[in-house]
Amino acid sequence: MIFQKTKGIQIDGYKEMCKNSPLNEYFNPEFVYIHLLQGNSLLKQIVEVGESVKVGQTIALREGFGAMNIHASISGTITAVKKVWHSSGKMVNALEIKNDFKNILDESIKPSKDIDSLTKEDLIEMMKNAGLSGLGGAGFPTYVKYQTKEDIDTVIINAVECEPYITCDYQFILTYPEKLLKGLTYFMKAAGAKKGVIAYKNYNVKIKKVLQELLPKYDNIELFEMNDVYPAGWEKYIIERVTGKTYQNLPSEVGVIENNSTTAIIFSDIVEHNIPLVSRPVTITGEGINNPMNFYCPIGTKVSELVEKCGGYVDGLNPKTANYIAGGPMTGRAIFIDDLIVNDTLGSVIIKPFKEELHPECLGCGKCAEVCPVYLTPTEIRDAFKNKDLDLINQLNTTKCIQCGLCSYVCPSHIEITDFVIRAKELLRKGAK
Amino acid sequence: MARFAGGKAPFLRLSDQKNQGTNVMMRDFMIGLLPVILFAWYKNGILVYSQGNINFLEMLWPLFFILIGGFSSMIMEAIFFYITDKEARKPKLLMKKLSTSYGIIPGLILALMLPLYTPIWVLLFGCFVANIIGKMIFGGFGYNIFNPALLGYAAIKFGLMGVINTAGGYFNVSELLIDSYAGATPLATLQVTQSLAYNTIVAPFGNLWDFFIGLTPGGMGETGFLVMIFSYIWLSARKVIRWQTPLLFVGAVFGLSWLVGVLNGQAEIWFPTYSILTGGVMFGAVFMITEPVTTPKNPLGKTVFVLFLAVLTVLFRFVGNLPEGVGTSIIVMNIFALPIDKYTAIIRAHRWKKPAIMQICILFGILLVIAVYAVLKAGSLYSLILPLLTIGGGF
C-alpha cells in the first residue's frame with residue numbers, strides 16, 4: 001500500500017454485441033454539420049452561407065492555443081449555420097453542408113511524393129494543417145504534444161479501448177493494420193523517438209495476430225499486451241505499465257508521447273495522401289439498438305441516420321427509461337434529444353435502457369475508495385463537498401480525479417459518487433479563482 | 001425524434017447486475033451469520049439435549065432466543081417508522097423503508113453475544129437500545145455512529161448483568177455440572193486465578209482444541225472459532241467484507257498477546273493462541289470490525305482502525321478491568337472512526353508524501369504510544385494490578 005501504482009479492476013465488456021460487425025463505410029450522407037467548436041474553443045468560420053466547398057477544404061479555424069484548421073468532410077454547398085447537439089451535451093453552432101454527391105476533392109489532396117525527406121517540423125505542420133486531434137475522446141490537438149521541448153524516446157499507441165461497449169477502434173485497426181504501423185512510424189519521426197509501442201488488450205488476439213504478421217517490415221516497433229482492466233486505456237496507466245515510469249502532469253516528462261490508434265491511422269492518410277481529418281469510425285450499439293454496427297463516416301454525419309442503418313431502436317423502447325449516451329458508458333454524457341451529430345471526439349453512441357429502483361443509503365463499505373485508480377476517498381470528498389469545505393477538498397487532492405467513473409460503478413447503493421467528486425472539483429476551481 | 005432520460009456517467013453499474021448491490025450484501029451477511037446461529041443452537045440446545053440434561057422444548061430455546069432478537073428489532077424499527085413518519089404508515093411504503101433499513105441484523109448479533117439464560121425482557125431492552133437509540137435516532141441505516149448491537153450489549157452489560165447472572169448466567173445446564181470451572185468464562189478465570197499457567201487457565205475448560213471448536217462457556221455465539229472461519233471465508237468470497245480486516249485484527253491481537261506473555265515469562269505459543277480463541281475475538285473480527293457504517297471507509301483507514309482496535313483490546317484485556325476487551329474497544333474506536341477516515345484519506349490521496357506528513361505523524365504516533373504503553377503496562381505491572389480488578393464477565 002505504501003508504494004502505490006495506478007490500478008484498475010476488471011469490468012464487464014459488453015463488447016460481443018458489435019465486436020464482429022465489420023467497419024461499414026457510410027460516406028454519402030445528404031447533410032453534414034461541422035460544429036464550430038473544437039475542444040473548448042469556438043471556431044472562426046471562413047466560408048459564407050451559399051459558398052460551395054470541396055472535400056478537405058478549410059472552412060473554419062481554431063485560434064489561440066491549439067490553433068488549427070477544420071475541414072469540410074463532403075463536397076457540396078454551405079446551406080446554413082444551425083444550432084445542433086454536440087457530444088459535450090451542449091447545443092453548438094454548426095455549418096450545414098448539403099451534399100452534391102460529386103465527391104470533389106480539394107486541390108491539396110494528392111499523394112505525397114517524397115515521404116522519406118519530410119522533416120520533423122514538416123510532419124508537425126502537417127498535423128496542424130490537417131486539424132488532427134486526439135480521436136480517443138479528449139480531442140486534444142495532436143501537434144501540441146509533438147511541440148514539446150523534452151527529449152522523446154518512445155511513442156505509445158493506445159489501442160486498448162478499455163471502455164465497455166465500444167468496438168470501433170478494434171475494427172478500425174483490423175481494417176487498416178498497415179496504416180496503423182505506418183502512422184506510428186511517422187509519429188516516431190515527428191517526435192524523434194527511437195521506439196514505438198502498440199498497447200492492446202490481452203483478449204484482442206486478432207489485433208496481435210494481424211500486427212505480428214506485418215511487424216517484421218517495420219523497425220523498432222513492439223507490441224505490448226495490457227491486462228483486461230478498466231481504466232487500462234488511461235494514459236498514465238499505459239505509460240506506467242509499458243515504461244515502468246510515472247509522471248506528474250504530462251507524459252513528455254518521462255520522454256513518452258501517447259496517441260490513440262485511430263489518430264495514428266488517420267495520420268498515415270495525412271502524411272501519404274494529404275487527406276485531412278474528415279472522417280472517423282463510430283460505434284452505434286447498446287441494448288436499445290436492433291443491430292449494433294461499426295461505421296466509418298464523415299465528421300458531421302447525423303447519428304440518427306446511422307441508427308436507422310442499424311435497424312433503428314428495438315421495439316418497445318421507452319425513451320423515458322433509456323439513456324442516449326454520447327461516448328463510452330463509463331465517462332460519456334446523456335444526451336436528451338436523439339439528434340446528435342458525429343464530431344471528432346465522438347467514438348460511440350450507446351442506447352441503453354435502465355431500471356428505476358429505490359436505492360438504500362451509503363453504507364460506507366468503502367468499495368469506491370478501494371477501486372479508485374488514483375487513491376482518492378470519494379466518500380470523504382462527498383462529505384467535504386456537502387459541507388462546502390474547500391480546504392478539506394484541496395487536502396484530499398480532489399483535482400487528481402480522472403473521472404473514470406469506477407467509484408459509481410462499484411457502489412452497491414447506486415450513489416452518484418463520481419458526480420459528487422466532479423462537482424467538488426468544479427467548486428475548487430471556482431473557489432480558487 | 002424522441003426525448004431520452006438524463007443521467008450521470010457512468011451508465012454502467014455493478015449494482016444493476018444480478019447478485020450485486022446493498023440488499024444482496026446484507027442478505028449475504030445474514031447467510032454468514034447462519035453457521036454461528038446454528039452452532040449456538042447446537043452447543044446450547046442440541047448438545048445439552050443429547051446429554052439428557054434438558055427437555056425437547058428447552059432444546060429449541062436458543063434458536064428461539066436468537067430469532068426473537070432479530071424479529072423484535074425489526075418490529076421496533078417498524079413502530080419507529082410508524083410513529084415518526086406519517087407517510088410511512090401505508091403498508092407498502094413501510095415495507096419499502098424496512099427493506100432498506102436492515103433492522104434484523106443488530107438484533108441477531110446482539111442475541112448471539114448474550115448468555116443463554118438472559119431474560120427475554122433484557123433482550124428486548126437491548127434491542128431497543130440497539131435499534132432505536134443506537135441507530136434510528138441518529139437518522140437510520142447509514143448514519144449511526146456506534147455499532148448498534150454493541151451499544152445494546154453495553155447497555156445490558158453495565159446495567160443488567162446482575163439480572164442475567166441471577167437468571168442463570170453463562171453456563172448452560174451441561175456446563176453447570178462441570179466442577180472445574182472457576183470463573184464464568186475463560187478470561188474471567190484468567191483474572192480470578194491471576195496466573196499464566198496452562199493448567200489453571202486452559203485445562204479447566206479442556207484443551208485448546210475445545211477452545212477452537214467453541215465448546216467453552218461464553219456468549220451464545222461468540223465461542224465457535226471454527227464456524228466463524230466458515231463465515232469469514234463466505235463473507236470474503238462474496239466481498240461483503242475485506243478479507244484483510246479480520247486477519248489483521250486476529251494477527252495483531254495474537255502478536256501483542258505473545259509480547260505480553262513473553263514479558264510475563266510465558267513465552268510459549270499456546271498463550272497467544274488462547275488469547276485469540278477466547279473472548280469473542282473472532283466474532284468481533286468477522287462480524288463487528290467489518291461492519292461498514294461505523295468503521296472508516298477507505299482501506300488504509302480500515303487497516304489503521306483495526307490496529308488501534310487490537311492495541312486497545314489487549315490494553316483492556318490485560319491492563320484494564322474489562323477482561324474480554326473486544327466490544328469495549330470497538331465502541332471506543334467507533335467515536336474515532338470519522339477522524340481516522342479523514343486523516344487516512346488525506347494520507348492516501350498524497351500517497352504517503354510530504355503534504356500528509358502531519359496526519360501520518362499524528363495517527364501512527366498515537367498508535368505507537370498506546371501500543372507501547374499497553375504492552376509495558378501489561379508486562380511489568382501485571383501482578384500488581386490484577387488484585388485490584390473485580391470480576392467481569394462476558395464480552
# chains A, B, ... in the order shown; residues from 1 in each chain; ligands from 1
$ interface_residues --of "chain B" --to "chain A" --cutoff "6 Å" --atoms "only C-alpha atoms" --output "JSON, numbers by chain"
{"B": [3, 4, 5, 6, 7, 9, 10, 11, 13, 14, 15, 21, 22, 100, 142, 292, 293, 297, 298, 345, 346, 348, 349]}
$ select_by_dssp --residues "region 4-128 of chain B" --states "helix (DSSP H, G or I)" --output "number ranges by chain"
B: 14-16, 22-50, 56-84, 86-89, 91-99, 104-113, 120-128
$ residues_around --residues "Pro292 (chain A)" --least-positions-apart "6" --cutoff "9 Å" --atoms "only C-alpha atoms" --output "list in words"
Met17, Cys18, Ser21, Thr283, Ile284, Thr285, Gly286, Val307, Cys310 and Gly311 of chain A
$ write_last_selection --atoms "N, CA and C atoms" --output "PDB file, in the first residue's frame"
ATOM      1  N   MET A  17     -21.615  -7.529 -28.515  1.00  0.00           N
ATOM      2  CA  MET A  17     -22.736  -7.019 -29.292  1.00  0.00           C
ATOM      3  C   MET A  17     -22.324  -6.587 -30.692  1.00  0.00           C
ATOM      4  N   CYS A  18     -21.195  -5.873 -30.791  1.00  0.00           N
ATOM      5  CA  CYS A  18     -20.846  -5.469 -32.146  1.00  0.00           C
ATOM      6  C   CYS A  18     -19.360  -5.620 -32.427  1.00  0.00           C
ATOM      7  N   SER A  21     -18.955  -6.931 -35.962  1.00  0.00           N
ATOM      8  CA  SER A  21     -19.540  -6.166 -37.060  1.00  0.00           C
ATOM      9  C   SER A  21     -18.425  -5.444 -37.793  1.00  0.00           C
ATOM     10  N   THR A 283     -19.016   3.729 -33.284  1.00  0.00           N
ATOM     11  CA  THR A 283     -19.790   2.545 -32.924  1.00  0.00           C
ATOM     12  C   THR A 283     -21.187   2.974 -32.507  1.00  0.00           C
ATOM     13  N   ILE A 284     -22.192   2.326 -33.067  1.00  0.00           N
ATOM     14  CA  ILE A 284     -23.567   2.547 -32.602  1.00  0.00           C
ATOM     15  C   ILE A 284     -24.011   1.239 -31.965  1.00  0.00           C
ATOM     16  N   THR A 285     -24.240   1.251 -30.668  1.00  0.00           N
ATOM     17  CA  THR A 285     -24.515  -0.015 -30.001  1.00  0.00           C
ATOM     18  C   THR A 285     -25.395   0.184 -28.775  1.00  0.00           C
ATOM     19  N   GLY A 286     -25.546  -0.845 -28.001  1.00  0.00           N
ATOM     20  CA  GLY A 286     -26.383  -0.807 -26.806  1.00  0.00           C
ATOM     21  C   GLY A 286     -27.551  -1.756 -26.924  1.00  0.00           C
ATOM     22  N   VAL A 307     -28.242   5.242 -36.891  1.00  0.00           N
ATOM     23  CA  VAL A 307     -29.136   4.385 -36.112  1.00  0.00           C
ATOM     24  C   VAL A 307     -30.130   3.693 -37.027  1.00  0.00           C
ATOM     25  N   CYS A 310     -28.755   0.791 -38.603  1.00  0.00           N
ATOM     26  CA  CYS A 310     -28.655  -0.327 -37.660  1.00  0.00           C
ATOM     27  C   CYS A 310     -30.002  -0.986 -37.424  1.00  0.00           C
ATOM     28  N   GLY A 311     -31.034  -0.541 -38.120  1.00  0.00           N
ATOM     29  CA  GLY A 311     -32.346  -1.122 -37.902  1.00  0.00           C
ATOM     30  C   GLY A 311     -33.146  -0.397 -36.842  1.00  0.00           C
TER      31      GLY A 311
END
$ residues_around --residues "Gln359 (chain B)" --least-positions-apart "2" --cutoff "10 Å" --atoms "only C-alpha atoms" --output "number ranges by chain"
B: 340, 342-347, 352, 355-357, 361-365
$ closest_residue --among "A:Ile238, A:Asn291, A:Thr79, A:Leu43" --to "Gly64 (chain A)" --atoms "only C-alpha atoms"
A:Leu43
$ closest_residue --among "A:Gly192, A:Gly50, A:Gly327, A:Gly347" --to "Gly89 (chain A)" --atoms "only C-alpha atoms"
A:Gly327
$ residues_around --residues "Trp234 (chain A)" --least-positions-apart "3" --cutoff "10 Å" --atoms "only C-alpha atoms" --output "list in words"
Thr6, Gly8, Asn158, Val160, Glu161, Cys162, Tyr230, Pro231, Tyr237, Ile238, Ile239, Pro373, Ile402 and Cys404 of chain A
$ residues_around --residues "region 217-222 of chain A" --least-positions-apart "3" --cutoff "9 Å" --atoms "only C-alpha atoms" --output "VMD selection string"
chain A and resid 181 to 182 184 to 185 194 to 199 213 to 214
$ atom_distance --atom1 "CA of Met136 (chain B)" --atom2 "CA of Pro148 (chain B)"
9.5 Å
$ decode --residues "region 10-152 of chain B" --atoms "C-alpha atoms" --output "short mmCIF file (atom, residue, chain, number, x, y, z; two decimals), in the first residue's frame"
data_model
loop_
_atom_site.label_atom_id
_atom_site.label_comp_id
_atom_site.auth_asym_id
_atom_site.auth_seq_id
_atom_site.Cartn_x
_atom_site.Cartn_y
_atom_site.Cartn_z
CA PRO B 10 -21.13 6.02 -15.54
CA PHE B 11 -24.20 4.45 -17.03
CA LEU B 12 -22.98 1.00 -16.19
CA ARG B 13 -23.47 -0.07 -12.58
CA LEU B 14 -22.38 -3.17 -10.81
CA SER B 15 -25.42 -2.89 -8.56
CA ASP B 16 -27.72 -3.39 -11.57
CA GLN B 17 -26.31 -6.82 -12.15
CA LYS B 18 -27.63 -9.97 -10.56
CA ASN B 19 -26.35 -10.76 -7.07
CA GLN B 20 -24.89 -7.32 -6.51
CA GLY B 21 -25.94 -4.31 -4.52
CA THR B 22 -26.57 -3.45 -0.90
CA ASN B 23 -29.60 -5.69 -0.49
CA VAL B 24 -27.65 -8.70 -1.64
CA MET B 25 -24.72 -7.74 0.58
CA MET B 26 -27.00 -7.69 3.60
CA ARG B 27 -28.55 -11.00 2.58
CA ASP B 28 -25.07 -12.49 2.30
CA PHE B 29 -24.18 -11.07 5.69
CA MET B 30 -27.14 -12.89 7.22
CA ILE B 31 -26.12 -16.09 5.45
CA GLY B 32 -22.73 -15.54 7.04
CA LEU B 33 -24.41 -15.38 10.45
CA LEU B 34 -26.24 -18.63 9.83
CA PRO B 35 -23.40 -21.03 10.78
CA VAL B 36 -22.89 -19.11 14.00
CA ILE B 37 -26.59 -19.26 14.83
CA LEU B 38 -26.67 -22.97 14.11
CA PHE B 39 -23.57 -23.54 16.22
CA ALA B 40 -25.09 -21.59 19.11
CA TRP B 41 -28.15 -23.79 18.85
CA TYR B 42 -26.02 -26.92 18.68
CA LYS B 43 -23.86 -26.02 21.65
CA ASN B 44 -26.58 -24.72 23.94
CA GLY B 45 -29.50 -26.79 22.75
CA ILE B 46 -28.86 -29.97 20.80
CA LEU B 47 -25.68 -30.98 22.60
CA VAL B 48 -27.20 -30.49 26.06
CA TYR B 49 -30.38 -32.32 24.96
CA SER B 50 -28.33 -35.26 23.68
CA GLN B 51 -26.65 -35.48 27.05
CA GLY B 52 -30.10 -35.78 28.54
CA ASN B 53 -29.95 -32.66 30.65
CA ILE B 54 -32.90 -30.70 29.20
CA ASN B 55 -36.21 -31.50 27.58
CA PHE B 56 -37.18 -31.04 23.95
CA LEU B 57 -38.72 -27.58 24.27
CA GLU B 58 -35.71 -26.31 26.16
CA MET B 59 -33.59 -27.59 23.31
CA LEU B 60 -35.38 -25.25 20.89
CA TRP B 61 -34.95 -22.29 23.21
CA PRO B 62 -31.54 -20.99 21.96
CA LEU B 63 -32.84 -20.82 18.39
CA PHE B 64 -35.99 -19.03 19.50
CA PHE B 65 -33.97 -16.64 21.61
CA ILE B 66 -31.87 -15.55 18.62
CA LEU B 67 -34.88 -15.25 16.33
CA ILE B 68 -36.76 -13.21 18.92
CA GLY B 69 -33.78 -10.84 18.99
CA GLY B 70 -33.85 -10.43 15.23
CA PHE B 71 -37.57 -10.02 14.75
CA SER B 72 -38.20 -7.81 17.75
CA SER B 73 -35.60 -5.35 16.45
CA MET B 74 -37.31 -5.30 13.11
CA ILE B 75 -40.71 -4.73 14.70
CA MET B 76 -39.28 -1.94 16.84
CA GLU B 77 -37.98 -0.22 13.73
CA ALA B 78 -41.36 -0.60 12.06
CA ILE B 79 -43.01 1.03 15.06
CA PHE B 80 -40.43 3.80 14.99
CA PHE B 81 -41.15 4.48 11.31
CA TYR B 82 -44.87 4.39 12.02
CA ILE B 83 -44.61 6.96 14.78
CA THR B 84 -42.10 9.37 13.28
CA ASP B 85 -43.04 9.36 9.61
CA LYS B 86 -46.70 9.89 8.72
CA GLU B 87 -46.10 8.89 5.11
CA ALA B 88 -44.66 5.57 6.16
CA ARG B 89 -47.96 4.49 7.69
CA LYS B 90 -49.05 2.97 4.40
CA PRO B 91 -48.09 -0.70 4.49
CA LYS B 92 -46.37 -0.59 1.11
CA LEU B 93 -44.09 2.31 1.97
CA LEU B 94 -43.41 0.87 5.39
CA MET B 95 -42.24 -2.37 3.81
CA LYS B 96 -40.01 -0.42 1.43
CA LYS B 97 -38.45 1.54 4.25
CA LEU B 98 -37.88 -1.60 6.27
CA SER B 99 -36.31 -3.32 3.28
CA THR B 100 -33.61 -0.64 3.08
CA SER B 101 -33.10 -0.35 6.83
CA TYR B 102 -31.94 -3.92 7.63
CA GLY B 103 -33.22 -3.83 11.21
CA ILE B 104 -32.93 -7.56 11.75
CA ILE B 105 -29.13 -7.68 11.83
CA PRO B 106 -28.36 -5.79 15.08
CA GLY B 107 -30.93 -7.91 16.91
CA LEU B 108 -29.42 -11.16 15.68
CA ILE B 109 -25.89 -10.12 16.60
CA LEU B 110 -26.98 -8.87 20.00
CA ALA B 111 -28.71 -12.14 20.79
CA LEU B 112 -25.62 -14.06 19.76
CA MET B 113 -23.46 -12.08 22.18
CA LEU B 114 -25.69 -12.56 25.21
CA PRO B 115 -25.53 -15.50 27.63
CA LEU B 116 -28.09 -18.24 27.17
CA TYR B 117 -30.21 -17.54 30.23
CA THR B 118 -30.81 -13.88 29.55
CA PRO B 119 -34.42 -13.00 30.40
CA ILE B 120 -36.44 -12.01 27.36
CA TRP B 121 -37.21 -8.54 28.68
CA VAL B 122 -33.48 -7.89 28.97
CA LEU B 123 -33.06 -8.94 25.36
CA LEU B 124 -35.90 -6.65 24.31
CA PHE B 125 -34.36 -3.79 26.26
CA GLY B 126 -31.07 -4.44 24.49
CA CYS B 127 -32.79 -4.47 21.11
CA PHE B 128 -34.46 -1.18 21.93
CA VAL B 129 -31.17 0.44 22.82
CA ALA B 130 -29.51 -1.08 19.76
CA ASN B 131 -32.06 -0.23 17.11
CA ILE B 132 -33.83 2.85 18.38
CA ILE B 133 -31.22 4.66 20.43
CA GLY B 134 -28.17 3.31 18.63
CA LYS B 135 -29.47 3.60 15.09
CA MET B 136 -32.82 5.18 14.34
CA ILE B 137 -32.43 8.44 16.26
CA PHE B 138 -29.11 9.02 14.52
CA GLY B 139 -31.01 9.01 11.22
CA GLY B 140 -31.35 5.34 10.44
CA PHE B 141 -29.24 2.98 8.43
CA GLY B 142 -26.00 4.55 7.25
CA TYR B 143 -25.93 7.38 9.79
CA ASN B 144 -25.29 5.66 13.11
CA ILE B 145 -22.04 6.38 14.90
CA PHE B 146 -21.91 3.39 17.21
CA ASN B 147 -22.27 -0.21 16.28
CA PRO B 148 -25.95 -0.69 17.24
CA ALA B 149 -25.65 -4.24 18.51
CA LEU B 150 -22.67 -3.35 20.67
CA LEU B 151 -24.41 -0.33 22.12
CA GLY B 152 -27.30 -2.57 23.14
#
